[in-house]
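K.L.:
For reference, the file entry_13.txt (compact mmCIF, C-alpha atoms) is included below:
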# COMPACT_ATOMS: atom_id res chain seq x y z
CA MET A 1 -29.74 -48.12 -20.81
CA ARG A 2 -30.70 -49.46 -17.41
CA ARG A 3 -27.20 -49.13 -16.17
CA LYS A 4 -27.02 -45.53 -17.24
CA ILE A 5 -30.10 -44.63 -15.25
CA SER A 6 -28.86 -46.37 -12.15
CA LEU A 7 -25.66 -44.36 -12.28
CA LYS A 8 -27.48 -41.11 -11.66
CA PRO A 9 -28.42 -41.56 -8.02
CA ILE A 10 -24.95 -42.85 -7.30
CA THR A 11 -23.40 -39.74 -8.76
CA LEU A 12 -25.79 -37.61 -6.77
CA LEU A 13 -24.93 -39.52 -3.63
CA LEU A 14 -21.22 -39.08 -4.25
CA LEU A 15 -21.71 -35.37 -4.76
CA LEU A 16 -23.72 -35.16 -1.55
CA ILE A 17 -21.07 -37.04 0.38
CA THR A 18 -18.34 -34.73 -0.81
CA PHE A 19 -20.56 -31.79 -0.02
CA VAL A 20 -21.32 -32.99 3.50
CA SER A 21 -17.71 -33.89 4.27
CA TYR A 22 -16.63 -30.55 2.88
CA GLY A 23 -19.06 -28.78 5.20
CA LYS A 24 -17.79 -30.79 8.14
CA GLU A 25 -14.24 -29.82 7.47
CA GLN A 26 -15.28 -26.20 7.54
CA GLU A 27 -16.79 -26.68 10.97
CA VAL A 28 -13.64 -28.23 12.36
CA HIS A 29 -11.38 -25.46 11.17
CA GLY A 30 -13.97 -22.72 11.33
CA GLU A 31 -11.66 -19.97 10.14
CA PRO A 32 -13.17 -16.58 9.43
CA LYS A 33 -12.95 -15.34 5.86
CA THR A 34 -10.49 -12.53 6.47
CA ASP A 35 -7.94 -14.98 7.83
CA ARG A 36 -8.25 -17.05 4.71
CA LYS A 37 -7.60 -13.99 2.56
CA THR A 38 -4.31 -13.21 4.29
CA GLU A 39 -3.45 -16.88 4.18
CA ILE A 40 -3.86 -16.93 0.40
CA LYS A 41 -1.82 -13.74 0.08
CA GLU A 42 0.97 -15.22 2.16
CA TYR A 43 0.85 -18.41 0.17
CA ILE A 44 1.24 -16.54 -3.13
CA GLN A 45 4.11 -14.49 -1.76
CA HIS A 46 5.76 -17.61 -0.47
CA HIS A 47 5.35 -19.29 -3.85
CA LEU A 48 7.10 -16.43 -5.62
CA LYS A 49 10.17 -16.73 -3.42
CA ASP A 50 13.09 -19.05 -3.61
CA SER A 51 13.48 -21.43 -0.68
CA TYR A 52 16.18 -23.50 0.97
CA ASP A 53 14.20 -26.72 1.08
CA PHE A 54 12.29 -28.48 -1.62
CA GLY A 55 8.76 -28.36 -0.24
CA LEU A 56 6.19 -30.25 -2.27
CA TYR A 57 3.27 -29.29 -0.07
CA SER A 58 2.44 -28.48 3.51
CA TYR A 59 -0.71 -28.76 5.57
CA THR A 60 -1.97 -28.39 9.12
CA SER A 61 -2.79 -31.69 10.76
CA ASP A 62 -5.82 -32.30 12.98
CA GLU A 63 -3.66 -31.69 16.04
CA GLY A 64 -2.93 -28.23 14.68
CA GLU A 65 0.72 -28.81 13.86
CA ASP A 66 2.27 -27.81 10.56
CA LYS A 67 3.42 -30.69 8.42
CA HIS A 68 5.77 -30.21 5.48
CA VAL A 69 6.23 -32.79 2.75
CA GLY A 70 9.41 -32.49 0.72
CA PHE A 71 13.12 -32.92 1.10
CA PRO A 72 15.96 -30.69 2.28
CA LEU A 73 18.65 -29.25 0.00
CA PRO A 74 22.29 -28.50 0.78
CA VAL A 75 23.14 -25.09 2.18
CA ILE A 76 26.60 -23.81 1.26
CA LEU A 77 27.88 -20.74 3.07
CA TRP A 78 31.18 -18.90 3.02
CA ASP A 79 31.69 -17.33 6.40
CA ASN A 80 35.34 -17.51 7.55
CA GLY A 81 35.58 -20.84 5.79
CA LEU A 82 33.31 -23.07 3.83
CA LYS A 83 30.24 -24.40 5.65
CA VAL A 84 28.06 -27.07 4.13
CA PHE A 85 25.01 -28.45 5.89
CA SER A 86 21.52 -29.71 5.18
CA SER A 87 18.68 -27.22 5.15
CA SER A 88 16.72 -29.57 7.41
CA LYS A 89 18.63 -27.92 10.26
CA PHE A 90 16.49 -24.81 9.81
CA HIS A 91 13.28 -26.83 10.28
CA HIS A 92 11.59 -24.89 7.49
CA GLY A 93 12.87 -21.58 8.72
CA GLU A 94 11.47 -22.04 12.21
CA SER A 95 14.65 -22.68 14.15
CA VAL A 96 18.27 -21.55 14.35
CA ALA A 97 20.88 -23.82 12.77
CA GLU A 98 24.18 -24.35 14.58
CA VAL A 99 27.19 -25.11 12.42
CA GLY A 100 30.70 -25.26 13.86
CA GLY A 101 29.98 -22.76 16.63
CA ASP A 102 28.13 -20.27 14.44
CA PHE A 103 24.39 -19.76 14.37
CA TYR A 104 22.30 -19.02 11.29
CA LYS A 105 18.66 -18.17 10.84
CA VAL A 106 16.41 -17.83 7.80
CA HIS A 107 14.60 -14.51 7.62
CA HIS A 108 12.44 -13.66 4.59
CA SER A 109 14.14 -16.39 2.51
CA LYS A 110 17.65 -15.13 3.31
CA ILE A 111 20.20 -16.55 5.70
CA TYR A 112 21.50 -14.27 8.47
CA LYS A 113 24.01 -14.83 11.21
CA VAL A 114 22.64 -14.63 14.75
CA ASP A 115 24.33 -14.54 18.15
CA GLY A 116 23.16 -17.75 19.74
CA ALA A 117 20.66 -20.57 19.71
CA ASP A 118 17.88 -18.15 20.63
CA GLY A 119 19.33 -15.27 18.61
CA LYS A 120 17.04 -12.66 17.14
CA ILE A 121 17.05 -10.89 13.80
CA LEU A 122 17.48 -7.17 14.44
CA GLU A 123 15.63 -4.76 12.19
CA ASP A 124 16.15 -1.10 11.40
CA ASP A 125 13.38 1.46 10.88
CA HIS A 126 12.64 0.21 7.36
CA HIS A 127 12.24 -3.41 8.49
CA HIS A 128 15.52 -4.41 6.88
CA ALA A 129 17.49 -6.93 8.88
CA THR A 130 20.79 -5.51 10.15
CA ASN A 131 22.38 -8.85 11.00
CA GLU A 132 25.53 -9.99 9.24
CA LYS A 133 24.90 -11.93 6.04
CA PRO A 134 27.28 -14.73 5.03
CA PHE A 135 28.10 -15.33 1.37
CA ASP A 136 25.48 -17.74 0.16
CA PHE A 137 26.16 -20.33 -2.54
CA SER A 138 23.38 -22.69 -1.50
CA ILE A 139 21.70 -25.16 -3.81
CA THR A 140 18.26 -23.62 -3.39
CA LYS A 141 15.05 -24.81 -5.00
CA ASN A 142 15.66 -22.68 -8.09
CA VAL A 143 19.27 -23.83 -8.45
CA SER A 144 18.19 -27.45 -8.15
CA LEU A 145 15.67 -26.93 -10.95
CA ILE A 146 18.32 -25.32 -13.13
CA PHE A 147 20.49 -28.40 -12.59
CA LEU A 148 17.52 -30.60 -13.45
CA VAL A 149 16.81 -28.69 -16.66
CA PHE A 150 20.52 -28.84 -17.50
CA GLY A 151 20.37 -32.61 -17.12
CA ILE A 152 17.21 -32.92 -19.20
CA MET A 153 18.63 -30.76 -21.98
CA PHE A 154 21.92 -32.60 -22.01
CA PHE A 155 20.13 -35.93 -22.20
CA MET A 156 17.67 -34.71 -24.85
CA PHE A 157 20.22 -33.23 -27.20
CA SER A 158 22.83 -35.95 -26.87
CA ARG A 159 20.07 -38.43 -27.70
CA MET A 160 19.15 -36.26 -30.65
CA ALA A 161 22.74 -36.14 -31.93
CA LYS A 162 23.07 -39.87 -31.51
CA SER A 163 19.89 -40.57 -33.45
CA TYR A 164 21.40 -38.81 -36.46
CA LYS A 165 24.62 -40.77 -36.18
CA THR A 166 23.13 -44.21 -35.92
CA ASN A 167 20.48 -43.80 -38.60
CA ASN A 168 22.46 -42.57 -41.61
CA GLY A 169 21.59 -38.93 -41.02
CA MET A 170 17.87 -39.55 -40.75
CA PRO A 171 16.27 -38.35 -37.51
CA LYS A 172 14.64 -40.92 -35.29
CA GLY A 173 12.86 -40.71 -31.95
CA THR A 174 14.08 -37.66 -30.04
CA GLY A 175 15.65 -36.31 -33.18
CA ARG A 176 12.38 -36.43 -35.06
CA LEU A 177 10.62 -34.73 -32.16
CA LEU A 178 13.09 -31.88 -31.83
CA GLU A 179 14.17 -31.34 -35.42
CA PRO A 180 11.26 -29.08 -36.40
CA ILE A 181 11.83 -26.86 -33.37
CA VAL A 182 15.56 -26.59 -33.97
CA LEU A 183 14.95 -25.86 -37.63
CA TYR A 184 12.35 -23.27 -36.68
CA VAL A 185 14.86 -21.46 -34.47
CA ARG A 186 17.38 -21.56 -37.30
CA ASP A 187 15.19 -20.66 -40.26
CA ASP A 188 12.66 -18.30 -38.69
CA ILE A 189 14.61 -16.71 -35.86
CA ALA A 190 18.34 -16.74 -36.58
CA ARG A 191 18.52 -16.47 -40.37
CA PRO A 192 16.19 -13.53 -41.04
CA ASN A 193 17.35 -11.53 -38.02
CA ILE A 194 21.11 -12.09 -38.03
CA GLY A 195 21.72 -12.66 -41.71
CA GLU A 196 22.88 -15.55 -43.81
CA LYS A 197 26.57 -14.81 -43.29
CA HIS A 198 26.87 -14.71 -39.53
CA TYR A 199 23.98 -16.70 -38.09
CA LYS A 200 25.87 -19.96 -37.52
CA LYS A 201 28.06 -18.48 -34.80
CA TYR A 202 25.03 -17.59 -32.66
CA MET A 203 22.95 -20.73 -33.16
CA SER A 204 24.30 -22.49 -30.07
CA TYR A 205 23.41 -19.61 -27.79
CA LEU A 206 19.99 -19.04 -29.34
CA LEU A 207 19.03 -22.72 -29.15
CA THR A 208 20.26 -23.03 -25.58
CA VAL A 209 18.41 -19.96 -24.39
CA PHE A 210 15.24 -20.94 -26.23
CA PHE A 211 15.04 -24.44 -24.82
CA PHE A 212 16.20 -23.39 -21.36
CA VAL A 213 13.56 -20.68 -20.96
CA TRP A 214 10.87 -22.87 -22.46
CA ILE A 215 11.52 -25.94 -20.30
CA VAL A 216 11.96 -23.85 -17.18
CA ASN A 217 8.67 -22.04 -17.85
CA LEU A 218 6.90 -25.35 -18.38
CA PHE A 219 8.27 -26.64 -15.08
CA GLY A 220 6.85 -23.56 -13.43
CA LEU A 221 3.38 -24.70 -14.44
CA THR A 222 3.68 -28.16 -12.88
CA PRO A 223 2.34 -28.69 -9.37
CA ILE A 224 5.89 -29.05 -8.02
CA GLY A 225 5.58 -25.30 -7.68
CA MET A 226 9.01 -24.25 -8.84
CA ASN A 227 9.36 -21.16 -10.91
CA VAL A 228 12.78 -20.08 -11.91
CA THR A 229 12.14 -17.37 -14.46
CA ASN A 230 10.22 -15.27 -11.95
CA ASN A 231 13.46 -14.81 -10.08
CA ILE A 232 14.87 -11.58 -11.45
CA ALA A 233 18.47 -12.68 -10.84
CA ILE A 234 18.11 -15.49 -13.35
CA THR A 235 16.55 -13.34 -16.07
CA LEU A 236 19.28 -10.80 -15.33
CA CYS A 237 21.94 -13.41 -16.06
CA LEU A 238 20.24 -14.42 -19.30
CA ALA A 239 19.91 -10.81 -20.42
CA LEU A 240 23.51 -10.11 -19.38
CA MET A 241 24.70 -12.91 -21.64
CA THR A 242 22.79 -11.42 -24.57
CA TYR A 243 24.30 -8.03 -23.75
CA LEU A 244 27.85 -9.38 -23.57
CA ILE A 245 27.55 -11.31 -26.82
CA THR A 246 26.07 -8.27 -28.56
CA THR A 247 28.78 -5.97 -27.25
CA PHE A 248 31.68 -8.24 -28.06
CA SER A 249 30.47 -9.12 -31.53
CA GLY A 250 29.75 -5.51 -32.47
CA ASN A 251 31.65 -4.51 -35.59
CA LYS A 252 32.85 -1.13 -36.80
CA ASN A 253 29.47 -0.21 -38.20
CA TYR A 254 27.68 -1.00 -34.94
CA TRP A 255 29.88 1.30 -32.88
CA LYS A 256 29.80 3.94 -35.56
CA HIS A 257 26.02 3.96 -35.43
CA ILE A 258 26.15 4.40 -31.68
CA PHE A 259 28.82 7.08 -31.28
CA TRP A 260 28.72 8.93 -34.59
CA MET A 261 25.45 8.25 -36.38
CA PRO A 262 26.09 8.66 -40.09
CA GLY A 263 23.75 10.71 -42.18
CA VAL A 264 22.57 13.21 -39.58
CA PRO A 265 23.85 16.77 -38.99
CA TRP A 266 26.66 17.02 -36.42
CA PRO A 267 24.73 18.69 -33.57
CA MET A 268 22.34 15.78 -33.74
CA LYS A 269 25.26 13.35 -33.61
CA ILE A 270 26.29 14.73 -30.24
CA ILE A 271 22.75 14.45 -28.88
CA LEU A 272 22.24 10.98 -30.31
CA ALA A 273 25.43 9.41 -28.96
CA PRO A 274 24.41 9.24 -25.27
CA ILE A 275 20.88 8.15 -26.19
CA GLU A 276 22.19 5.34 -28.35
CA LEU A 277 24.71 4.34 -25.70
CA LEU A 278 21.92 4.20 -23.12
CA GLY A 279 19.86 2.21 -25.60
CA THR A 280 22.40 -0.61 -25.63
CA ILE A 281 21.78 -1.08 -21.91
CA ILE A 282 18.01 -0.52 -22.01
CA LYS A 283 17.55 -3.27 -24.59
CA PRO A 284 18.82 -6.15 -22.43
CA PHE A 285 17.20 -4.51 -19.39
CA ALA A 286 13.82 -4.69 -21.13
CA LEU A 287 14.60 -8.29 -22.01
CA MET A 288 15.17 -9.05 -18.33
CA ILE A 289 12.03 -7.25 -17.11
CA ARG A 290 9.83 -8.73 -19.82
CA LEU A 291 10.55 -12.36 -19.04
CA TYR A 292 10.49 -11.82 -15.28
CA ALA A 293 7.28 -9.76 -15.29
CA ASN A 294 5.37 -11.99 -17.68
CA ILE A 295 6.03 -15.13 -15.70
CA THR A 296 5.47 -13.46 -12.32
CA ALA A 297 2.22 -11.84 -13.46
CA GLY A 298 1.00 -15.13 -14.88
CA HIS A 299 1.72 -17.00 -11.67
CA VAL A 300 0.15 -14.35 -9.44
CA VAL A 301 -3.04 -14.20 -11.49
CA LEU A 302 -3.31 -17.97 -11.73
CA MET A 303 -2.75 -18.49 -8.02
CA SER A 304 -5.13 -15.69 -7.05
CA ILE A 305 -7.87 -17.36 -9.07
CA VAL A 306 -7.07 -20.73 -7.54
CA GLY A 307 -7.22 -18.99 -4.16
CA MET A 308 -10.68 -17.63 -5.01
CA ILE A 309 -11.97 -21.21 -4.95
CA PHE A 310 -11.32 -21.20 -1.21
CA LEU A 311 -12.72 -17.72 -0.75
CA PHE A 312 -16.09 -18.35 -2.41
CA GLN A 313 -16.73 -21.72 -0.78
CA ASN A 314 -19.85 -22.39 -2.76
CA TRP A 315 -20.50 -24.48 -5.81
CA LEU A 316 -21.15 -21.66 -8.23
CA GLY A 317 -18.23 -19.36 -7.41
CA SER A 318 -15.69 -22.09 -6.87
CA GLY A 319 -16.78 -23.87 -10.01
CA LEU A 320 -16.40 -20.73 -12.07
CA SER A 321 -13.00 -20.04 -10.50
CA PHE A 322 -11.92 -23.53 -11.34
CA LEU A 323 -12.96 -23.11 -14.96
CA LEU A 324 -11.21 -19.76 -15.18
CA ALA A 325 -8.07 -21.21 -13.61
CA PHE A 326 -8.15 -24.07 -16.09
CA VAL A 327 -8.42 -21.73 -19.08
CA LEU A 328 -5.69 -19.50 -17.67
CA ALA A 329 -3.40 -22.47 -17.14
CA ILE A 330 -3.76 -23.32 -20.82
CA LEU A 331 -3.03 -19.70 -21.69
CA GLU A 332 0.08 -19.90 -19.51
CA LEU A 333 1.25 -22.87 -21.56
CA LEU A 334 1.15 -20.57 -24.58
CA VAL A 335 2.89 -17.77 -22.68
CA ALA A 336 5.66 -20.16 -21.60
CA ALA A 337 6.52 -20.88 -25.24
CA LEU A 338 5.87 -17.32 -26.38
CA GLN A 339 8.27 -15.77 -23.87
CA ALA A 340 11.00 -18.21 -24.86
CA TYR A 341 10.35 -17.26 -28.48
CA ILE A 342 10.36 -13.51 -27.80
CA PHE A 343 13.56 -13.73 -25.78
CA THR A 344 15.27 -15.63 -28.58
CA VAL A 345 13.96 -13.40 -31.36
CA LEU A 346 15.00 -10.21 -29.62
CA SER A 347 18.44 -11.65 -28.80
CA ALA A 348 18.84 -12.59 -32.45
CA LEU A 349 17.70 -9.11 -33.46
CA TYR A 350 20.34 -7.48 -31.25
CA PHE A 351 23.05 -9.80 -32.59
CA GLY A 352 21.90 -8.94 -36.07
CA MET A 353 22.29 -5.24 -35.33
CA ALA A 354 25.79 -5.85 -34.02
CA VAL A 355 27.05 -7.73 -37.06
CA GLU A 356 25.12 -5.88 -39.74
CA GLU A 357 27.27 -4.72 -42.63
CA HIS A 358 26.40 -1.67 -44.64
CA ASP A 359 27.63 -2.26 -48.14
CA HIS A 360 25.74 0.68 -49.52
CA GLU A 361 27.06 4.19 -48.91
CA GLU A 362 24.24 5.29 -46.81
CA GLY A 363 21.80 8.06 -46.47
CA HIS A 364 19.81 7.39 -43.35
CA MET B 1 1.25 2.75 -2.80
CA GLU B 2 -0.44 6.06 -3.30
CA ILE B 3 -3.53 6.59 -5.38
CA PRO B 4 -1.85 8.80 -8.07
CA ALA B 5 0.72 6.10 -8.70
CA ILE B 6 -1.96 3.47 -9.12
CA VAL B 7 -3.98 5.70 -11.46
CA GLY B 8 -0.83 6.42 -13.46
CA ALA B 9 -0.02 2.75 -13.78
CA GLY B 10 -3.60 2.13 -14.88
CA LEU B 11 -3.30 4.80 -17.57
CA VAL B 12 -0.07 3.27 -18.85
CA VAL B 13 -1.69 -0.13 -19.00
CA ILE B 14 -4.63 1.32 -20.94
CA GLY B 15 -2.16 2.91 -23.36
CA ALA B 16 -0.23 -0.33 -23.75
CA GLY B 17 -3.48 -2.19 -24.30
CA ILE B 18 -4.59 0.20 -27.03
CA GLY B 19 -1.16 -0.09 -28.64
CA ILE B 20 -1.10 -3.87 -28.63
CA GLY B 21 -4.68 -3.94 -29.83
CA ARG B 22 -3.84 -1.72 -32.76
CA ILE B 23 -0.84 -3.89 -33.64
CA GLY B 24 -2.99 -7.01 -33.54
CA GLY B 25 -5.73 -5.39 -35.62
CA SER B 26 -3.31 -4.12 -38.24
CA ALA B 27 -1.66 -7.53 -38.41
CA MET B 28 -5.07 -9.09 -39.01
CA ASP B 29 -5.73 -6.64 -41.85
CA ALA B 30 -2.32 -7.33 -43.34
CA ILE B 31 -2.79 -11.10 -43.15
CA ALA B 32 -6.20 -10.80 -44.77
CA ARG B 33 -4.67 -8.78 -47.58
CA GLN B 34 -1.61 -10.97 -48.04
CA PRO B 35 -2.15 -14.42 -46.56
CA GLU B 36 1.14 -15.67 -48.02
CA ALA B 37 3.10 -13.27 -45.76
CA THR B 38 1.43 -14.56 -42.57
CA GLY B 39 4.65 -15.85 -40.99
CA LYS B 40 6.59 -12.63 -41.45
CA ILE B 41 3.70 -10.48 -40.27
CA GLN B 42 3.22 -12.59 -37.16
CA THR B 43 6.89 -12.33 -36.24
CA ALA B 44 6.89 -8.56 -36.64
CA MET B 45 3.63 -8.33 -34.70
CA LEU B 46 4.96 -10.35 -31.77
CA ILE B 47 8.16 -8.32 -31.58
CA ALA B 48 6.29 -5.01 -31.60
CA ALA B 49 3.79 -6.27 -29.04
CA ALA B 50 6.61 -7.50 -26.79
CA LEU B 51 8.33 -4.12 -26.93
CA ILE B 52 5.15 -2.30 -25.85
CA GLU B 53 4.46 -4.90 -23.21
CA GLY B 54 7.83 -4.11 -21.64
CA ILE B 55 6.72 -0.51 -21.08
CA GLY B 56 3.49 -1.69 -19.49
CA PHE B 57 5.35 -3.95 -17.09
CA ALA B 58 7.84 -1.21 -16.27
CA ALA B 59 4.89 0.97 -15.20
CA LEU B 60 3.38 -1.80 -13.11
CA PHE B 61 6.65 -2.40 -11.29
CA ALA B 62 7.22 1.30 -10.71
CA VAL B 63 4.08 1.39 -8.53
Show me the file's structure as structure tokens.

P.N.:
Amino acid sequence: MRRKISLKPITLLLLLITFVSYGKEQEVHGEPKTDRKTEIKEYIQHHLKDSYDFGLYSYTSDEGEDKHVGFPLPVILWDNGLKVFSSSKFHHGESVAEVGGDFYKVHHSKIYKVDGADGKILEDDHHHATNEKPFDFSITKNVSLIFLVFGIMFFMFSRMAKSYKTNNGMPKGTGRLLEPIVLYVRDDIARPNIGEKHYKKYMSYLLTVFFFVWIVNLFGLTPIGMNVTNNIAITLCLALMTYLITTFSGNKNYWKHIFWMPGVPWPMKIILAPIELLGTIIKPFALMIRLYANITAGHVVLMSIVGMIFLFQNWLGSGLSFLLAFVLAILELLVAALQAYIFTVLSALYFGMAVEEHDHEEGH
Amino acid sequence: MEIPAIVGAGLVVIGAGIGIGRIGGSAMDAIARQPEATGKIQTAMLIAAALIEGIGFAALFAV
């Protein structure tokens, strides 16, 4: 009991110390509130973009110079020949990189060619850079995370397969962990939506896309600050794969229902055909937008609320923001899994439409 | 961003919200009536909600 009581003043003292040191820091920097607002906005925008170096965090030192902690990634360009160099040459986008007589500069997260060491990015009336753009195959932050997730998934599932082999078909370790999820994808996503007859063919794609989106979304919530699925190019590729698989596995019935809908009068058939044809493209398009928008919206909201901690700068407001951010982060954990689930279910649904067989002579 | 566009996006979001709310409410009713069909109802609910959500996001990005 005595110990408990003696803890109280210590806690109070600790709180006071943090409070005083916090106040001091404010004096040193002394930035007005409006500056902080734009700073937070810039930070969020920066977070949503892909980058050429793997920055873990950055800060301004007491001497007022910007420090970046992280490591550079390889930049691969095709510009009259292959050019490979480290992104450290850009000095976090602040300087021009010289490679084999050519000069490159990063402008709004894109690489442009400039004339010389002090070359400028020229802009037209709409603030679009007019400089020449080399073909860019760089291993950016997003690409490096995709490689990482690829490695993790390969390791995970080969371990899983092995655990079945060595243990007489009984799952162990990784296998026991992942079996329910794999079975869930098979029994609750693939089977009811695609049908008993055809589902096996699509299992590999559905499982891959489910685990890929899920793991990538979870990585987006870690403080490493990488988010791959809020890059629309990546969701586009995922949706494109669903579209291609749907289109190429479409059977006679599928195409018949698009171009010559059975069971409706013929003037309607002519009206329906273009709508249905458009529908085949809108479906994967919605798939792309949904994943991209959900993850982006989640990140923006979460980071805005984290940014509010620095805007309020008092115990009540910052404390509430922290609590809200905490709750939202947990909600984002749910969203990460939910979006993976939705993407897989809808893909399975589209495959199911493509392979559906109409045994009955129909009246729609 | 002009004000009409923002108001329009807001209206779409209100519509999407009402839609998703109705789906959730109906799913609750259905589960209460037939608890043994919970899994199937949840799946259908999530799919329908996701489809409406897509429209809401499309409106937000059009602004």

K.L.:
Counting all atoms listed in the file, which residues from chain A have an atom at most 10 Å from any atom of chain B, and could you show them as a PyMOL selection string?

P.N.:
chain A and resi 188-189+192+283+285-294+297+338-339+341-343+345-346+349

K.L.:
Which polymer residues have any atom within 9 Å of an atom of Gly10 (chain B), counting only C-alpha atoms, with same-chain residues fewer than 5 positions away left out, as a list of chain:residue names?

P.N.:
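Residues near the query, excluding close chain neighbours: B:Ala5, B:Gly15, B:Ala59, B:Leu60.
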
K.L.:
Considering only C-alpha atoms, tabulate each residue of region 103-174 of chain A that lies at most 9 Å from region 227-234 of chain A along with its nearest interatomic pair and the corresponding distance in Å to one decimal; arrange the rows by chain and ascending residue number and present them as a tab-separated table.

P.N.:
residue	atom	partner	partner_atom	distance
A:Lys141	CA	A:Val228	CA	8.7
A:Asn142	CA	A:Val228	CA	5.4
A:Val143	CA	A:Val228	CA	8.3
A:Leu145	CA	A:Val228	CA	7.5
A:Ile146	CA	A:Val228	CA	7.7

K.L.:
Please provide the set of residues having any atom within 9 Å of region 26-30 of chain B, restricted to all atoms listed in the file, with same-chain residues fewer than 4 positions apart removed, written as JSON, numbers by chain.

P.N.:
{"B": [21, 22, 34, 35, 37, 38, 41, 42, 44, 45]}

K.L.:
Skip region 50-57 of chain A itself and residues of its chain fewer than 6 positions away, then list as an MDAnalysis selection string all residues within 7 Å of it, counting only C-alpha atoms.

P.N.:
chainID A and resid 68:73 87 109 140:142 224

K.L.:
Dump C-alpha atoms for the selected residues as a compact mmCIF listing (two decimals), keeping the file's coordinate frame?

P.N.:
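Dumped to again-v9.txt:
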# COMPACT_ATOMS: atom_id res chain seq x y z
CA HIS A 68 5.77 -30.21 5.48
CA VAL A 69 6.23 -32.79 2.75
CA GLY A 70 9.41 -32.49 0.72
CA PHE A 71 13.12 -32.92 1.10
CA PRO A 72 15.96 -30.69 2.28
CA LEU A 73 18.65 -29.25 0.00
CA SER A 87 18.68 -27.22 5.15
CA SER A 109 14.14 -16.39 2.51
CA THR A 140 18.26 -23.62 -3.39
CA LYS A 141 15.05 -24.81 -5.00
CA ASN A 142 15.66 -22.68 -8.09
CA ILE A 224 5.89 -29.05 -8.02

K.L.:
Determine the nearest neighbour of Lys83 (chain A) from the options A:Trp255, A:Tyr43, A:Phe135, A:Tyr350, counting only C-alpha atoms.

P.N.:
A:Phe135

K.L.:
For the atom pair CA of Glu132 (chain A) and CA of Asn80 (chain A), what is the interatomic distance in Å to one decimal place?

P.N.:
12.5 Å

K.L.:
Suppose you want the space between CA of Met203 (chain A) and CA of His257 (chain A); what is it in Å?

P.N.:
25.0 Å

K.L.:
Grab all the atoms of region 33-44 of chain B that the file lists, wrap them in a box along x, y and z, add 6 Å per side, and give me centre plus edge lengths in Å (one decimal) as AutoDock Vina command-line options.

P.N.:
--center_x 1.1 --center_y -12.2 --center_z -42.1 --size_x 23.6 --size_y 19.3 --size_z 23.8

K.L.:
Show which residues sit within 9 Å of Gly250 (chain A), as a list in words. Count all atoms listed in the file, and ignore same-chain residues fewer than 5 positions away.

P.N.:
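The filter keeps Ile245, Trp255, Phe351, Met353, Ala354, Val355 and Glu356 of chain A.
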
K.L.:
I'd like the neighbourhood of Lys67 (chain A) as a PyMOL selection string, where a residue qualifies if any of its atoms comes within 10 Å (using only C-alpha atoms), though same-chain residues fewer than 4 positions away should be ignored.

P.N.:
chain A and resi 57-61
